[in-house]
Amino acid sequence: MRMKTLSVTEVNGYIKKIFAGDLILNNLSIRGEISNLRLTTHSNTYFFSLKDANSLIRCVLFTDSAKDLNFIPTDGMDVIAHGRIALYGKNGSYSLIVDSIQPYGAGAYYQAFNTLKKKLEAEGLFDVSHKRKLTKYPEKIGVITSISGAVVHDILKVISQRYPFVDVDILPITVQGDSSAEGICDAFDIMNGREDVDLIILARGGGSAEDMWHFNEEKVARAIYNSKSPVISAVGHQTDYTISDFVADARAATPTQAAEMAVPDKNVLDENINKYKDSLIKNMQDILSKKDNQLDFTIKASPLSRPDMFFERYESRLNQLRQLLEYDMVHYMYKKQMNLSMFEKQLTALNPLDILKRGYAIIYDGDNNIVTDVKSIKTDNDIQVRLYNALINCRVEEVSDIE
């Protein structure tokens, strides 16, 4: 029996329905090596192929799934991609529509780690210039970690033993699993909304690379970098390093060490206080001893130790001042006498009697006024003429003008 002839579109549509109805093809995990990776920047969609030694399959990772990536995919990376097979009808090709992708094996995690590390390092997130000093005497410490397990108990125990004066605010998170990275970011958002947190400890115990992978995610790194408070990263054991360690302001090999770094040791503080106290007492004693010696020297060198020398010195000075005063008084009196003689001569020269001795006379009219102008004298007026040694009464017979 001959089958009906179908168009190309009908054939592709039929195959597409088969793909859509197949349970395996709609819930498929494929392991392979990434190749021909490219990113369309306008849609943030990844196009790439997964290949093994003998074959390859095209893959598409759309925006909604790409934003949840916890690593940066690169060519040559061994990954496990999950999704569904879909047919593109126009060219009859099929692709794996990826909804999640994870590195496979330690090597793949290491490669993803290095790729993100290089990216963030190039952006300056690891620069020493961005590292903040830890608060020396914190009043409140925020701890972001799992509420269960030994980590939180170890941190609280160390802090209470070393510096019981600090408040500890614990924000519980899940330290592994799909929601771990989001929980860490949310915890930092909460901490950033609090004004009294001096320091934050981000901690978890040891584990596999897969268990600790969320501490290598880019969004966690940026949450640490944007923290308002300094951050100590204490993830895993001493040999474990995560992206969080590089971004944080300080890295602790273990959560216990993070607690030791976060607070001072009260016993050391007590010892230092006692040292400062002893040093202060010694310095005060040295100062008092020095001042006492200075006082002794001053007393011995002072005239008070020999009052007679004190008075002799000032008596000599008093004699000098007396002599200077006597000299100044004599000089002053002589100067005043000279001035007086000069004034006497001036007064003598201006004495009217002396002028009359030289042949001058003063004429008074009948009202006893001094005549200074001939116009005030008339014929038959009585006048008086004052000479040096006589007063003459006269009558005017004639007044003549002198031209």
# chains A, B, ... in the order shown; residues from 1 in each chain; ligands from 1
$ select_by_dssp --residues "segment 157-389 of chain A" --states "strand (DSSP E)" --output "number ranges by chain"
A: 167-172, 199-204, 231-235, 250-251, 362-364, 382-386
$ residues_around --residues "Phe126 of chain A" --least-positions-apart "2" --cutoff "12 Å" --atoms "only C-alpha atoms" --output "short mmCIF file (atom, residue, chain, number, x, y, z; two decimals) with N, CA and C atoms, in the first residue's frame"
data_model
loop_
_atom_site.label_atom_id
_atom_site.label_comp_id
_atom_site.auth_asym_id
_atom_site.auth_seq_id
_atom_site.Cartn_x
_atom_site.Cartn_y
_atom_site.Cartn_z
N LEU A 116 35.30 32.68 35.62
CA LEU A 116 34.65 33.75 36.36
C LEU A 116 35.68 34.57 37.14
N LYS A 117 36.66 33.91 37.67
CA LYS A 117 37.70 34.60 38.43
C LYS A 117 38.41 35.63 37.56
N LYS A 118 38.75 35.25 36.35
CA LYS A 118 39.43 36.18 35.44
C LYS A 118 38.53 37.37 35.09
N LYS A 119 37.24 37.09 34.91
CA LYS A 119 36.32 38.16 34.56
C LYS A 119 36.20 39.18 35.68
N LEU A 120 35.97 38.70 36.90
CA LEU A 120 35.80 39.60 38.03
C LEU A 120 37.10 40.32 38.39
N GLU A 121 38.20 39.62 38.21
CA GLU A 121 39.50 40.24 38.48
C GLU A 121 39.75 41.39 37.50
N ALA A 122 39.36 41.18 36.25
CA ALA A 122 39.53 42.23 35.25
C ALA A 122 38.65 43.44 35.57
N GLU A 123 37.53 43.22 36.22
CA GLU A 123 36.64 44.32 36.60
C GLU A 123 37.11 45.04 37.86
N GLY A 124 38.10 44.46 38.55
CA GLY A 124 38.64 45.12 39.74
C GLY A 124 38.00 44.71 41.04
N VAL A 128 43.11 45.24 45.91
CA VAL A 128 43.39 45.53 47.31
C VAL A 128 42.85 46.91 47.71
N SER A 129 42.79 47.80 46.74
CA SER A 129 42.31 49.16 47.05
C SER A 129 40.86 49.18 47.50
N HIS A 130 40.12 48.13 47.15
CA HIS A 130 38.71 48.04 47.56
C HIS A 130 38.54 47.32 48.89
N LYS A 131 39.61 46.75 49.41
CA LYS A 131 39.50 46.00 50.67
C LYS A 131 39.38 46.98 51.84
N ARG A 132 38.40 46.77 52.69
CA ARG A 132 38.21 47.62 53.86
C ARG A 132 38.81 46.97 55.10
N ALA A 221 29.24 36.93 44.39
CA ALA A 221 30.44 37.76 44.43
C ALA A 221 30.07 39.24 44.43
N ARG A 222 29.11 39.61 43.62
CA ARG A 222 28.73 41.03 43.55
C ARG A 222 27.98 41.46 44.82
N ILE A 224 28.69 40.40 47.81
CA ILE A 224 29.76 40.63 48.78
C ILE A 224 30.45 41.96 48.49
N TYR A 225 30.74 42.20 47.23
CA TYR A 225 31.44 43.42 46.83
C TYR A 225 30.63 44.67 47.18
N ILE A 243 35.36 32.04 44.94
CA ILE A 243 35.30 33.42 44.46
C ILE A 243 34.97 34.37 45.61
N SER A 244 34.16 33.91 46.55
CA SER A 244 33.80 34.72 47.71
C SER A 244 35.03 35.15 48.48
N ASP A 245 36.02 34.25 48.57
CA ASP A 245 37.24 34.58 49.30
C ASP A 245 37.99 35.73 48.65
N PHE A 246 38.00 35.75 47.33
CA PHE A 246 38.76 36.78 46.63
C PHE A 246 38.07 38.14 46.68
N VAL A 247 36.73 38.14 46.71
CA VAL A 247 36.00 39.40 46.71
C VAL A 247 35.93 40.00 48.11
N ALA A 248 35.85 39.14 49.12
CA ALA A 248 35.66 39.61 50.50
C ALA A 248 36.83 40.49 50.94
N ASP A 249 36.58 41.27 51.98
CA ASP A 249 37.62 42.15 52.53
C ASP A 249 38.70 41.35 53.25
N ALA A 250 38.35 40.17 53.73
CA ALA A 250 39.34 39.29 54.37
C ALA A 250 38.88 37.85 54.20
N ARG A 251 39.85 36.94 54.14
CA ARG A 251 39.54 35.52 53.97
C ARG A 251 40.04 34.75 55.18
#
$ residues_around --residues "Thr145 of chain A" --least-positions-apart "3" --cutoff "12 Å" --atoms "only C-alpha atoms" --output "PyMOL selection string"
chain A and resi 142+148-156+169-176+180-181+183-184+187-188+200-205+215+233-236+255
$ write_last_selection --atoms "C-alpha atoms" --output "PDB file, in the first residue's frame"
ATOM      1  CA  GLY A 142      26.274  39.733  61.248  1.00  0.00           C
ATOM      2  CA  SER A 148      22.221  23.934  61.714  1.00  0.00           C
ATOM      3  CA  GLY A 149      25.571  22.238  61.922  1.00  0.00           C
ATOM      4  CA  ALA A 150      28.804  22.950  63.719  1.00  0.00           C
ATOM      5  CA  VAL A 151      29.758  26.178  61.894  1.00  0.00           C
ATOM      6  CA  VAL A 152      27.383  28.554  63.678  1.00  0.00           C
ATOM      7  CA  HIS A 153      28.115  26.941  67.051  1.00  0.00           C
ATOM      8  CA  ASP A 154      31.867  27.234  66.520  1.00  0.00           C
ATOM      9  CA  ILE A 155      31.580  30.912  65.584  1.00  0.00           C
ATOM     10  CA  LEU A 156      29.380  31.767  68.580  1.00  0.00           C
ATOM     11  CA  ASP A 169      23.013  38.777  64.499  1.00  0.00           C
ATOM     12  CA  ILE A 170      22.566  35.462  62.651  1.00  0.00           C
ATOM     13  CA  LEU A 171      20.836  35.304  59.265  1.00  0.00           C
ATOM     14  CA  PRO A 172      20.219  31.608  58.487  1.00  0.00           C
ATOM     15  CA  ILE A 173      20.635  30.414  54.902  1.00  0.00           C
ATOM     16  CA  THR A 174      20.896  27.136  53.052  1.00  0.00           C
ATOM     17  CA  VAL A 175      24.540  26.656  52.148  1.00  0.00           C
ATOM     18  CA  GLN A 176      23.933  24.276  49.237  1.00  0.00           C
ATOM     19  CA  SER A 180      21.512  28.768  48.132  1.00  0.00           C
ATOM     20  CA  ALA A 181      22.946  31.599  46.002  1.00  0.00           C
ATOM     21  CA  GLY A 183      19.483  33.125  49.823  1.00  0.00           C
ATOM     22  CA  ILE A 184      23.004  34.496  50.262  1.00  0.00           C
ATOM     23  CA  ALA A 187      20.873  37.945  53.374  1.00  0.00           C
ATOM     24  CA  PHE A 188      23.292  40.646  52.207  1.00  0.00           C
ATOM     25  CA  ILE A 200      29.742  40.352  58.362  1.00  0.00           C
ATOM     26  CA  ILE A 201      30.967  36.752  58.412  1.00  0.00           C
ATOM     27  CA  LEU A 202      29.918  34.568  55.466  1.00  0.00           C
ATOM     28  CA  ALA A 203      30.608  30.958  56.435  1.00  0.00           C
ATOM     29  CA  ARG A 204      30.016  27.293  55.695  1.00  0.00           C
ATOM     30  CA  GLY A 205      31.858  24.094  56.439  1.00  0.00           C
ATOM     31  CA  PHE A 215      29.943  30.557  46.720  1.00  0.00           C
ATOM     32  CA  SER A 233      34.674  34.936  53.861  1.00  0.00           C
ATOM     33  CA  ALA A 234      35.089  31.590  55.647  1.00  0.00           C
ATOM     34  CA  VAL A 235      33.991  28.908  53.208  1.00  0.00           C
ATOM     35  CA  GLY A 236      35.216  25.325  53.443  1.00  0.00           C
ATOM     36  CA  PRO A 255      34.824  29.614  60.253  1.00  0.00           C
TER      37      PRO A 255
END
$ select_by_dssp --residues "segment 96-228 of chain A" --states "alpha helix (DSSP H)" --output "PyMOL selection string"
chain A and resi 105-123+150-162+180-192+218-225
$ write_last_selection --atoms "C-alpha atoms" --output "PDB file, in the first residue's frame"
ATOM      1  CA  GLY A 105      33.243  16.883  37.171  1.00  0.00           C
ATOM      2  CA  ALA A 106      36.012  18.617  39.072  1.00  0.00           C
ATOM      3  CA  GLY A 107      37.812  19.673  35.932  1.00  0.00           C
ATOM      4  CA  ALA A 108      34.773  21.423  34.553  1.00  0.00           C
ATOM      5  CA  TYR A 109      34.125  23.195  37.862  1.00  0.00           C
ATOM      6  CA  TYR A 110      37.739  24.287  37.959  1.00  0.00           C
ATOM      7  CA  GLN A 111      37.495  25.688  34.446  1.00  0.00           C
ATOM      8  CA  ALA A 112      34.272  27.549  35.266  1.00  0.00           C
ATOM      9  CA  PHE A 113      35.874  28.870  38.446  1.00  0.00           C
ATOM     10  CA  ASN A 114      38.897  30.241  36.581  1.00  0.00           C
ATOM     11  CA  THR A 115      36.759  31.781  33.858  1.00  0.00           C
ATOM     12  CA  LEU A 116      34.650  33.749  36.361  1.00  0.00           C
ATOM     13  CA  LYS A 117      37.701  34.601  38.434  1.00  0.00           C
ATOM     14  CA  LYS A 118      39.429  36.181  35.441  1.00  0.00           C
ATOM     15  CA  LYS A 119      36.315  38.162  34.555  1.00  0.00           C
ATOM     16  CA  LEU A 120      35.795  39.604  38.033  1.00  0.00           C
ATOM     17  CA  GLU A 121      39.497  40.243  38.478  1.00  0.00           C
ATOM     18  CA  ALA A 122      39.528  42.231  35.247  1.00  0.00           C
ATOM     19  CA  GLU A 123      36.642  44.323  36.600  1.00  0.00           C
ATOM     20  CA  ALA A 150      28.804  22.950  63.719  1.00  0.00           C
ATOM     21  CA  VAL A 151      29.758  26.178  61.894  1.00  0.00           C
ATOM     22  CA  VAL A 152      27.383  28.554  63.678  1.00  0.00           C
ATOM     23  CA  HIS A 153      28.115  26.941  67.051  1.00  0.00           C
ATOM     24  CA  ASP A 154      31.867  27.234  66.520  1.00  0.00           C
ATOM     25  CA  ILE A 155      31.580  30.912  65.584  1.00  0.00           C
ATOM     26  CA  LEU A 156      29.380  31.767  68.580  1.00  0.00           C
ATOM     27  CA  LYS A 157      31.618  29.813  70.960  1.00  0.00           C
ATOM     28  CA  VAL A 158      34.812  31.545  69.830  1.00  0.00           C
ATOM     29  CA  ILE A 159      33.237  35.016  69.893  1.00  0.00           C
ATOM     30  CA  SER A 160      31.755  34.493  73.371  1.00  0.00           C
ATOM     31  CA  GLN A 161      35.121  33.300  74.707  1.00  0.00           C
ATOM     32  CA  ARG A 162      37.210  36.014  73.111  1.00  0.00           C
ATOM     33  CA  SER A 180      21.512  28.768  48.132  1.00  0.00           C
ATOM     34  CA  ALA A 181      22.946  31.599  46.002  1.00  0.00           C
ATOM     35  CA  GLU A 182      19.691  33.529  46.047  1.00  0.00           C
ATOM     36  CA  GLY A 183      19.483  33.125  49.823  1.00  0.00           C
ATOM     37  CA  ILE A 184      23.004  34.496  50.262  1.00  0.00           C
ATOM     38  CA  CYS A 185      22.184  37.563  48.149  1.00  0.00           C
ATOM     39  CA  ASP A 186      18.945  38.151  50.079  1.00  0.00           C
ATOM     40  CA  ALA A 187      20.873  37.945  53.374  1.00  0.00           C
ATOM     41  CA  PHE A 188      23.292  40.646  52.207  1.00  0.00           C
ATOM     42  CA  ASP A 189      20.349  42.831  51.170  1.00  0.00           C
ATOM     43  CA  ILE A 190      18.946  42.508  54.694  1.00  0.00           C
ATOM     44  CA  MET A 191      22.327  43.318  56.254  1.00  0.00           C
ATOM     45  CA  ASN A 192      22.710  46.374  54.037  1.00  0.00           C
ATOM     46  CA  GLU A 218      28.787  35.806  40.093  1.00  0.00           C
ATOM     47  CA  LYS A 219      25.733  37.233  41.863  1.00  0.00           C
ATOM     48  CA  VAL A 220      27.104  36.122  45.230  1.00  0.00           C
ATOM     49  CA  ALA A 221      30.443  37.761  44.429  1.00  0.00           C
ATOM     50  CA  ARG A 222      28.725  41.029  43.553  1.00  0.00           C
ATOM     51  CA  ALA A 223      26.578  40.896  46.692  1.00  0.00           C
ATOM     52  CA  ILE A 224      29.760  40.627  48.784  1.00  0.00           C
ATOM     53  CA  TYR A 225      31.440  43.422  46.830  1.00  0.00           C
TER      54      TYR A 225
END
$ atom_distance --atom1 "atom CA of Ala81 of chain A" --atom2 "atom CA of Ile97 of chain A"
9.2 Å
$ residues_around --residues "Asp64 of chain A" --least-positions-apart "5" --cutoff "10 Å" --atoms "only C-alpha atoms" --output "VMD selection string"
chain A and resid 44 to 45 69 99
$ write_last_selection --atoms "N, CA and C atoms" --output "PDB file, in the first residue's frame"
ATOM      1  N   ASN A  44      20.552  38.056  24.746  1.00  0.00           N
ATOM      2  CA  ASN A  44      21.254  37.307  25.803  1.00  0.00           C
ATOM      3  C   ASN A  44      20.976  35.814  25.683  1.00  0.00           C
ATOM      4  N   THR A  45      20.976  35.318  24.447  1.00  0.00           N
ATOM      5  CA  THR A  45      20.725  33.899  24.166  1.00  0.00           C
ATOM      6  C   THR A  45      22.017  33.236  23.705  1.00  0.00           C
ATOM      7  N   LEU A  69      22.415  31.214  35.309  1.00  0.00           N
ATOM      8  CA  LEU A  69      23.697  30.502  35.240  1.00  0.00           C
ATOM      9  C   LEU A  69      24.574  30.856  36.435  1.00  0.00           C
ATOM     10  N   ASP A  99      17.228  24.277  29.540  1.00  0.00           N
ATOM     11  CA  ASP A  99      16.662  25.068  30.634  1.00  0.00           C
ATOM     12  C   ASP A  99      17.595  25.144  31.839  1.00  0.00           C
TER      13      ASP A  99
END
$ residues_around --residues "Asp78 of chain A" --least-positions-apart "6" --cutoff "7 Å" --atoms "only C-alpha atoms" --output "list of chain:residue names"
A:Gly32, A:Glu33, A:Ile34, A:Pro103, A:Tyr104, A:Ala108
